[in-house]
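J.: Just one file: input36.txt, with compact mmCIF, C-alpha atoms.
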# COMPACT_ATOMS: atom_id res chain seq x y z
CA MET D 1 100.33 0.38 6.82
CA ASN D 2 103.44 -1.16 5.21
CA CYS D 3 103.58 -3.78 2.44
CA ARG D 4 104.40 -6.64 4.80
CA ARG D 5 101.38 -5.91 6.95
CA VAL D 6 99.13 -5.50 3.90
CA VAL D 7 100.23 -8.86 2.46
CA SER D 8 99.62 -10.61 5.80
CA LEU D 9 96.07 -9.24 5.86
CA MET D 10 95.35 -9.77 2.16
CA SER D 11 93.39 -12.98 2.54
CA ALA D 12 91.16 -11.47 5.22
CA TYR D 13 90.82 -8.36 3.07
CA VAL D 14 89.41 -10.27 0.08
CA ASP D 15 87.02 -12.01 2.47
CA GLY D 16 85.88 -8.69 3.94
CA GLU D 17 86.86 -9.93 7.41
CA LEU D 18 88.76 -6.86 8.61
CA THR D 19 87.62 -3.81 10.50
CA GLY D 20 86.40 -0.84 8.50
CA VAL D 21 89.55 1.11 9.27
CA GLU D 22 91.81 -1.75 8.12
CA MET D 23 89.79 -2.21 4.93
CA LEU D 24 90.14 1.48 4.10
CA GLU D 25 93.86 1.54 4.87
CA ILE D 26 94.52 -1.45 2.62
CA ARG D 27 92.40 -0.03 -0.18
CA ARG D 28 94.36 3.19 -0.01
CA HIS D 29 97.65 1.27 0.02
CA LEU D 30 96.65 -0.79 -3.03
CA ASP D 31 95.99 2.38 -5.01
CA ASN D 32 99.61 3.37 -4.54
CA CYS D 33 101.50 0.05 -4.52
CA ALA D 34 101.65 -2.01 -7.72
CA GLU D 35 103.29 -4.98 -6.01
CA CYS D 36 100.58 -5.29 -3.34
CA ALA D 37 97.91 -4.65 -5.99
CA GLU D 38 99.26 -7.67 -7.87
CA GLU D 39 99.19 -9.73 -4.69
CA HIS D 40 95.59 -8.65 -4.23
CA GLU D 41 94.64 -9.69 -7.77
CA SER D 42 96.30 -13.02 -7.34
CA THR D 43 94.64 -13.78 -3.96
CA LEU D 44 91.26 -12.76 -5.30
CA ALA D 45 91.72 -14.92 -8.40
CA MET D 46 92.55 -17.94 -6.23
CA LYS D 47 89.49 -17.39 -4.07
CA LEU D 48 87.23 -17.04 -7.10
CA ALA D 49 88.69 -20.10 -8.79
CA VAL D 50 87.97 -22.31 -5.78
CA SER D 51 84.49 -20.84 -5.38
CA ARG D 52 83.77 -21.66 -9.04
CA LEU D 53 84.62 -25.34 -8.74
CA ARG D 54 81.83 -27.57 -9.96
CA THR D 55 79.33 -28.83 -7.44
CA ILE D 56 79.95 -32.56 -7.20
CA ARG D 57 76.82 -34.60 -6.75
CA PRO D 58 76.56 -38.08 -5.30
CA ARG D 59 75.20 -41.00 -7.29
CA GLU D 60 71.41 -41.11 -7.48
CA ASP D 61 70.91 -43.95 -5.00
CA PHE D 62 73.48 -42.74 -2.48
CA VAL D 63 70.92 -41.14 -0.19
CA ASN D 64 68.83 -44.34 -0.11
CA SER D 65 71.83 -46.49 0.71
CA MET D 66 72.73 -44.07 3.49
CA LEU D 67 69.21 -44.20 4.94
CA ALA D 68 69.32 -48.00 4.76
CA THR D 69 72.59 -47.93 6.69
CA LEU D 70 70.95 -45.80 9.37
CA ASP D 71 68.34 -48.56 9.82
CA VAL D 72 71.00 -50.88 11.17
CA VAL D 73 72.96 -48.32 13.16
CA GLN D 74 72.81 -49.29 16.80
CA VAL D 75 72.74 -46.32 19.11
CA PRO D 76 73.99 -47.59 22.48
CA ARG D 77 71.33 -47.65 25.20
CA TYR D 78 73.18 -45.18 27.41
CA GLN D 79 73.55 -42.80 24.46
CA ARG D 80 69.82 -42.95 23.68
CA ILE D 81 68.90 -42.25 27.26
CA ILE D 82 71.35 -39.38 27.54
CA ASN D 83 70.06 -37.95 24.25
CA SER D 84 66.44 -38.10 25.41
CA SER D 85 67.31 -36.67 28.78
CA VAL D 86 69.20 -33.79 27.19
CA ARG D 87 66.21 -33.01 25.02
CA ILE D 88 63.69 -33.14 27.87
CA PHE D 89 65.78 -31.18 30.31
CA ARG D 90 66.73 -28.60 27.72
CA SER D 91 63.09 -27.86 26.98
CA LYS D 92 62.10 -27.62 30.64
CA LEU D 93 65.11 -26.36 32.51
CA SER D 94 67.74 -23.68 32.32
CA PRO D 95 71.01 -24.74 30.64
CA VAL D 96 72.84 -25.05 33.96
CA ALA D 97 70.08 -27.08 35.57
CA ALA D 98 69.87 -29.21 32.43
CA ALA D 99 73.59 -29.90 32.50
CA LEU D 100 73.41 -30.91 36.16
CA ALA D 101 70.38 -33.10 35.54
CA VAL D 102 72.05 -34.84 32.61
CA SER D 103 75.14 -35.48 34.72
CA GLY D 104 72.84 -37.03 37.31
CA VAL D 105 71.24 -39.31 34.72
CA ALA D 106 74.66 -40.32 33.46
CA LEU D 107 75.71 -41.22 37.00
CA VAL D 108 72.55 -43.26 37.54
CA LEU D 109 73.18 -45.07 34.27
CA MET D 110 76.76 -45.80 35.13
CA SER D 111 75.85 -47.07 38.58
CA ALA D 112 73.08 -49.23 37.07
CA GLY D 113 75.47 -50.75 34.58
CA GLY D 114 73.98 -48.93 31.63
CA MET D 115 77.38 -48.09 30.26
CA ASP D 116 78.55 -51.62 29.77
CA ASN D 117 75.42 -53.80 29.80
CA VAL D 118 76.81 -55.77 32.71
CA GLY D 119 73.84 -56.68 34.89
CA GLN D 120 74.17 -55.94 38.55
CA GLN D 121 72.15 -57.56 41.29
CA ASP D 122 70.24 -55.22 43.51
CA GLN D 123 72.43 -55.42 46.57
CA SER D 124 69.96 -53.61 48.78
CA GLN D 125 67.49 -56.50 48.22
CA MET D 126 70.18 -59.00 49.05
CA VAL D 127 70.92 -57.23 52.32
CA ALA D 128 67.24 -56.88 53.28
CA SER D 129 66.47 -60.53 52.70
CA ALA D 130 69.56 -61.92 54.39
CA PRO D 131 68.87 -64.11 57.43
CA TYR D 132 69.44 -62.28 60.69
CA ASP D 133 72.17 -64.18 62.41
CA GLY D 134 74.44 -61.90 64.32
CA GLN D 135 77.18 -62.26 66.84
CA ALA D 136 78.23 -59.54 69.21
CA ILE D 137 81.92 -59.02 69.57
CA GLU D 138 83.13 -58.11 72.98
CA VAL D 139 86.31 -56.15 72.84
CA LYS D 140 88.56 -55.71 75.77
CA TYR D 141 90.88 -52.80 75.44
CA VAL D 142 93.62 -52.04 77.81
CA PRO D 143 94.76 -48.40 77.77
CA GLN D 144 98.45 -47.92 77.38
CA ILE D 145 99.95 -47.14 80.75
CA PRO D 146 103.66 -46.73 81.18
CA GLY D 147 105.07 -49.96 82.42
CA ASN D 148 102.08 -52.05 81.25
CA PRO D 149 102.08 -54.16 78.10
CA ILE D 150 99.35 -53.39 75.56
CA SER D 151 96.46 -55.84 75.63
CA LEU D 152 93.63 -56.08 73.14
CA SER D 153 91.47 -59.19 73.13
CA SER D 154 88.08 -60.14 71.73
CA SER D 155 85.54 -62.86 72.28
CA SER D 156 82.20 -63.52 70.62
CA ARG D 157 78.82 -64.19 72.22
CA PRO D 158 75.24 -64.46 70.87
CA LEU D 159 73.79 -61.05 70.06
CA VAL D 160 70.67 -60.21 72.03
CA VAL D 161 68.43 -57.47 70.66
CA ASN D 162 65.08 -55.98 71.69
CA GLU D 163 62.11 -55.29 69.34
CA SER D 164 63.60 -52.11 68.00
CA GLY D 165 66.76 -53.95 67.01
CA ARG D 166 68.93 -52.30 69.64
CA GLU D 167 71.43 -54.49 71.41
CA LEU D 168 70.43 -55.01 74.99
CA THR D 169 73.78 -55.56 76.55
CA PRO D 170 76.41 -53.54 74.87
CA LYS D 171 79.53 -54.04 76.81
CA ILE D 172 82.88 -52.41 76.68
CA GLU D 173 85.19 -53.46 79.37
CA LEU D 174 88.35 -51.67 80.23
CA VAL D 175 90.89 -53.91 81.80
CA SER D 176 93.90 -52.63 83.56
CA MET D 177 96.83 -54.97 83.62
CA ALA D 178 98.22 -53.06 86.52
CA GLY D 179 95.76 -54.71 88.91
CA ARG D 180 96.47 -58.19 87.70
CA MET R 1 64.54 -43.78 36.45
CA VAL R 2 66.33 -45.85 33.82
CA GLU R 3 63.07 -47.53 32.67
CA LEU R 4 61.28 -44.19 32.39
CA ALA R 5 64.15 -42.72 30.40
CA GLU R 6 64.15 -45.77 28.12
CA THR R 7 60.42 -45.48 27.45
CA VAL R 8 60.77 -41.80 26.63
CA SER R 9 63.79 -42.69 24.54
CA ASP R 10 61.84 -45.24 22.46
CA VAL R 11 59.10 -42.74 21.65
CA ALA R 12 61.58 -40.02 20.86
CA ARG R 13 63.61 -42.38 18.69
CA SER R 14 60.93 -42.92 16.05
CA GLU R 15 60.18 -39.19 15.92
CA ASP R 16 63.88 -38.42 15.74
CA ARG R 17 64.35 -40.87 12.91
CA LYS R 18 61.65 -39.25 10.77
CA GLU R 19 63.09 -35.82 11.42
CA PHE R 20 66.63 -37.02 10.79
CA ASP R 21 65.69 -38.71 7.50
CA ALA R 22 64.22 -35.44 6.25
CA LEU R 23 67.45 -33.65 7.18
CA VAL R 24 69.54 -36.29 5.40
CA GLN R 25 67.44 -35.79 2.27
CA ARG R 26 67.89 -32.04 2.49
CA TYR R 27 71.59 -31.78 3.33
CA HIS R 28 73.29 -34.84 1.88
CA LYS R 29 74.21 -33.20 -1.44
CA GLN R 30 75.80 -30.22 0.24
CA ALA R 31 77.68 -32.51 2.63
CA TYR R 32 78.79 -34.74 -0.22
CA ASN R 33 80.20 -31.85 -2.22
CA ILE R 34 82.35 -30.77 0.74
CA ALA R 35 83.38 -34.36 1.38
CA TYR R 36 84.40 -34.80 -2.24
CA ARG R 37 86.50 -31.63 -2.20
CA MET R 38 88.13 -32.83 1.03
CA ALA R 39 88.80 -36.37 -0.19
CA GLY R 40 89.32 -35.80 -3.89
CA ASN R 41 87.44 -38.92 -5.00
CA HIS R 42 83.95 -40.39 -4.90
CA ALA R 43 84.67 -43.52 -2.86
CA ASP R 44 86.15 -41.59 0.06
CA ALA R 45 83.55 -38.84 -0.28
CA GLU R 46 80.81 -41.45 0.22
CA ASP R 47 82.56 -42.91 3.25
CA LEU R 48 83.11 -39.50 4.82
CA THR R 49 79.54 -38.34 4.20
CA GLN R 50 78.06 -41.55 5.54
CA GLU R 51 80.29 -41.54 8.61
CA ALA R 52 79.35 -37.92 9.34
CA PHE R 53 75.62 -38.65 9.11
CA ILE R 54 75.92 -41.78 11.24
CA ARG R 55 77.75 -39.83 13.90
CA ALA R 56 75.16 -37.05 13.68
CA PHE R 57 72.40 -39.65 14.05
CA ARG R 58 73.96 -41.08 17.19
CA PHE R 59 74.04 -37.67 18.82
CA PHE R 60 70.88 -36.32 17.23
CA GLY R 61 69.07 -36.17 20.57
CA GLN R 62 71.58 -33.58 21.67
CA TYR R 63 71.14 -31.38 18.62
CA ARG R 64 69.63 -28.04 19.63
CA ARG R 65 66.71 -27.51 17.30
CA GLU R 66 66.90 -23.72 17.48
CA LEU R 67 70.32 -23.78 15.75
CA PRO R 68 70.79 -24.42 12.01
CA PHE R 69 71.33 -28.11 11.32
CA ASP R 70 74.06 -27.48 8.76
CA SER R 71 76.22 -25.63 11.33
CA TRP R 72 75.94 -28.60 13.68
CA LEU R 73 76.60 -31.05 10.86
CA TYR R 74 79.68 -29.11 9.71
CA LYS R 75 81.13 -29.42 13.18
CA ILE R 76 80.69 -33.19 13.10
CA MET R 77 81.98 -33.39 9.54
CA SER R 78 85.12 -31.46 10.46
CA ASN R 79 85.95 -34.01 13.14
CA VAL R 80 85.18 -36.95 10.87
CA PHE R 81 87.25 -35.53 8.00
CA ILE R 82 90.29 -34.78 10.08
CA ASP R 83 90.12 -38.13 11.91
CA ARG R 84 89.55 -40.25 8.83
CA LEU R 85 91.85 -38.51 6.41
CA ARG R 86 94.72 -38.45 8.88
CA ARG R 87 94.36 -42.18 9.49
CA LYS R 88 94.16 -42.94 5.79
CA PRO R 89 97.46 -43.73 4.08
CA LYS R 90 98.52 -41.09 1.60
CA ALA R 91 97.13 -41.82 -1.83
CA MET R 92 99.44 -41.74 -4.79
CA ILE R 93 98.99 -38.41 -6.51
CA ARG R 94 99.41 -38.31 -10.23
CA SER R 95 98.93 -35.59 -12.74
CA LEU R 96 95.77 -35.90 -14.79
CA ASP R 97 97.67 -34.55 -17.76
CA GLN R 98 100.29 -37.27 -17.54
CA PRO R 99 99.65 -39.98 -20.16
CA VAL R 100 99.03 -43.50 -18.89
CA VAL R 101 101.57 -45.94 -20.27
CA THR R 102 99.99 -49.23 -21.33
CA SER R 103 101.24 -52.24 -23.25
CA GLU R 104 99.58 -50.78 -26.31
CA GLY R 105 101.21 -47.41 -26.00
CA GLU R 106 100.15 -44.22 -24.26
CA ALA R 107 96.58 -43.30 -23.37
CA GLN R 108 95.01 -40.33 -21.67
CA PHE R 109 93.70 -40.75 -18.14
CA ASP R 110 89.91 -40.71 -18.17
CA VAL R 111 88.08 -39.16 -15.24
CA PRO R 112 84.57 -40.52 -14.70
CA ASP R 113 82.12 -37.69 -14.42
CA ASN R 114 79.28 -38.12 -11.91
CA SER R 115 78.26 -34.50 -11.94
CA ALA R 116 75.23 -32.99 -13.53
CA GLY R 117 75.06 -31.66 -17.07
CA PRO R 118 77.43 -29.25 -18.77
CA GLU R 119 75.35 -26.21 -17.81
CA GLU R 120 76.75 -26.53 -14.28
CA THR R 121 80.34 -26.38 -15.40
CA VAL R 122 81.72 -23.08 -14.25
CA LEU R 123 85.41 -23.85 -14.65
CA SER R 124 86.89 -25.95 -17.40
CA ARG R 125 87.10 -29.59 -16.33
CA GLU R 126 90.82 -29.45 -16.79
CA MET R 127 91.16 -26.49 -14.46
CA ASP R 128 88.77 -28.06 -11.99
CA SER R 129 90.96 -31.17 -11.81
CA ARG R 130 94.11 -29.10 -11.37
CA ILE R 131 92.61 -27.14 -8.50
CA GLN R 132 91.37 -30.34 -6.89
CA ALA R 133 94.83 -31.88 -7.21
CA ALA R 134 96.30 -28.77 -5.57
CA LEU R 135 93.70 -28.90 -2.79
CA ASP R 136 94.64 -32.55 -2.15
CA THR R 137 98.18 -31.49 -1.31
CA LEU R 138 97.14 -29.03 1.43
CA PRO R 139 97.28 -30.11 5.08
CA GLU R 140 93.77 -31.27 6.12
CA ALA R 141 93.03 -28.33 8.40
CA PHE R 142 94.06 -25.80 5.71
CA ARG R 143 92.06 -27.66 3.05
CA LEU R 144 88.94 -27.76 5.19
CA THR R 145 89.23 -24.06 6.00
CA VAL R 146 89.65 -23.09 2.34
CA ILE R 147 86.68 -25.27 1.35
CA TYR R 148 84.44 -23.81 4.07
CA ALA R 149 85.42 -20.25 3.17
CA ASP R 150 85.49 -20.40 -0.62
CA ILE R 151 83.04 -23.16 -1.53
CA GLU R 152 80.57 -22.86 1.32
CA GLY R 153 81.06 -19.11 1.73
CA MET R 154 81.18 -19.35 5.51
CA SER R 155 82.33 -16.43 7.65
CA TYR R 156 85.48 -16.74 9.77
CA GLU R 157 83.32 -16.96 12.86
CA GLU R 158 81.30 -19.84 11.41
CA ILE R 159 84.46 -21.65 10.34
CA ALA R 160 85.97 -21.18 13.78
CA GLU R 161 82.85 -22.66 15.34
CA SER R 162 82.72 -25.58 12.90
CA THR R 163 86.38 -26.45 13.27
CA SER R 164 86.52 -25.83 17.03
CA THR R 165 89.20 -23.19 16.79
CA ASN R 166 89.48 -19.41 16.99
CA ILE R 167 89.18 -16.71 14.35
CA GLY R 168 92.92 -15.97 14.43
CA THR R 169 93.68 -19.56 13.50
CA VAL R 170 91.09 -19.50 10.72
CA ARG R 171 92.66 -16.34 9.32
CA SER R 172 96.12 -17.85 9.45
CA ARG R 173 95.02 -21.16 7.87
CA LEU R 174 93.29 -19.37 5.03
CA HIS R 175 96.21 -17.07 4.38
CA ARG R 176 98.69 -19.94 4.29
CA GLY R 177 96.33 -22.32 2.50
CA ARG R 178 95.67 -19.89 -0.33
CA ARG R 179 99.35 -19.12 -0.69
CA LEU R 180 100.14 -22.84 -0.97
CA LEU R 181 97.40 -23.22 -3.58
CA ARG R 182 98.74 -20.29 -5.56
CA ASN R 183 102.22 -21.74 -5.57
CA LYS R 184 100.91 -25.09 -6.80
CA LEU R 185 98.90 -23.42 -9.55
CA LYS R 186 101.47 -20.75 -10.44
CA SER R 187 101.89 -21.95 -13.99
CA TYR R 188 98.13 -21.72 -14.63
CA ALA R 189 97.68 -18.30 -13.07
CA ASN R 190 96.49 -16.71 -16.29
CA GLN R 191 93.71 -19.34 -16.61
CA LEU R 192 92.37 -18.88 -13.10
CA VAL R 193 90.29 -15.81 -13.86
Translate the structure described by the file into structure tokens.
T.:
Amino acid sequence: MNCRRVVSLMSAYVDGELTGVEMLEIRRHLDNCAECAEEHESTLAMKLAVSRLRTIRPREDFVNSMLATLDVVQVPRYQRIINSSVRIFRSKLSPVAAALAVSGVALVLMSAGGMDNVGQQDQSQMVASAPYDGQAIEVKYVPQIPGNPISLSSSSRPLVVNESGRELTPKIELVSMAGR
Amino acid sequence: MVELAETVSDVARSEDRKEFDALVQRYHKQAYNIAYRMAGNHADAEDLTQEAFIRAFRFFGQYRRELPFDSWLYKIMSNVFIDRLRRKPKAMIRSLDQPVVTSEGEAQFDVPDNSAGPEETVLSREMDSRIQAALDTLPEAFRLTVIYADIEGMSYEEIAESTSTNIGTVRSRLHRGRRLLRNKLKSYANQLV
């Protein structure tokens, strides 16, 4: 191992974060290279100096003021629900199933307006309770035949349905202009 | 579905809060020390610590109880530190040894000491301030990596996890960060050991 390589690995060497082989090679190199040995001393001294910095403590009442702040922290509704769902699903389901389930909950929340607190009316109720007042549209379609102009016309008539809701007289009429 | 989840959420919230409060009590000093070394002053250290715990509280439901809380907290703190310190305008850096010029002549800058008693002093206060001033000049990512490695004694793997990067980047940041520190403190090299 050359000096350049040793210097580039010096920081990891003092942290013991190299492979056994690399550690041994550098140790051997340091025994024979005064310049790299000096680099080693200097890196080690820097590491030790930072590790020996005083532990700085917060003021005595800091923790209480922080806990008081947490009292007024508003966790958004969607976040709370996602958090709870993650916890429940994690304890009951495999990670993949949990992830899928949480995605599902998130989608439900988004579709229910949970993300933005904008209330949405239940549209399915609106549809179910709407008065039944339909009109059937009768469409006359004329297939395109060479030499004939295209004709598409519609007219409305009262819709007649039986008990099962099926239209009694569906009617599609093909009209050929050729015969007219 | 939403109502059920909300009911479960309300029950879980009070339990979460008790558990979270206990964790705040246990880890706030450790978090504060890192925050101070990142910020270099008490006011910003308080802001950073508080912001990190608030963010942790918001996502506490997603914290996996089988993992150490401090590892999870460090990850949140890393994001808060980098976000906040990058947004903050650069503070004026002055030497603590430089006399303060007043209308009545020169005076020495006085550093308020909020730490515990003298038995905890492991480096001279003067040297401590010099190293802190040198740390303040490092790019945030380098500073955080040096603090995690040398103050918290974290492994490269733990640092990589906490800073959402890979081990190669951690190694590079430490190498370069320590070299920058050494250059800043070159004239005090004989006092470092």
J.: Atom CA of D:Leu70 to atom CA of R:Glu19: how many Å, to one decimal?
T.: 12.9 Å
J.: My list of candidates is D:Ala68, D:Cys36, D:Leu30, D:Val75. Which is closest to chain R when distances are computed with all atoms listed in the file?
T.: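 Closest to chain R, using all atoms listed in the file: D:Val75.
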J.: Counting only C-alpha atoms, what is within 6 Å of stretch 167-180 of chain R, bar same-chain residues fewer than 4 positions away, as a list in words?
T.: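 Surrounding residues, per the criterion: Ser11 of chain D; Phe142, Val146, Tyr156 and Ala160 of chain R.
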J.: So how many Å separate atom CA of R:Thr163 and atom CA of R:Val80, to one decimal?
T.: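 It comes out at 10.8 Å.
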J.: Which is closer to D:Asn2 than all the others in D:Ile82, D:Ile26, D:Leu44, D:Leu67, using only C-alpha atoms?
T.: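 Under the stated criterion, the closest residue is D:Ile26.
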J.: Quick one: distance from atom CA of R:Ile159 to atom CA of R:Ala35 in Å, one decimal?
T.: 15.6 Å
J.: Tell me which of D:Leu18, D:Ile56, D:Met23, D:Val72 sits closest to chain R, counting all atoms listed in the file.
T.: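 Checking each of D:Leu18, D:Ile56, D:Met23, D:Val72 against chain R, counting all atoms listed in the file, the winner is D:Ile56.
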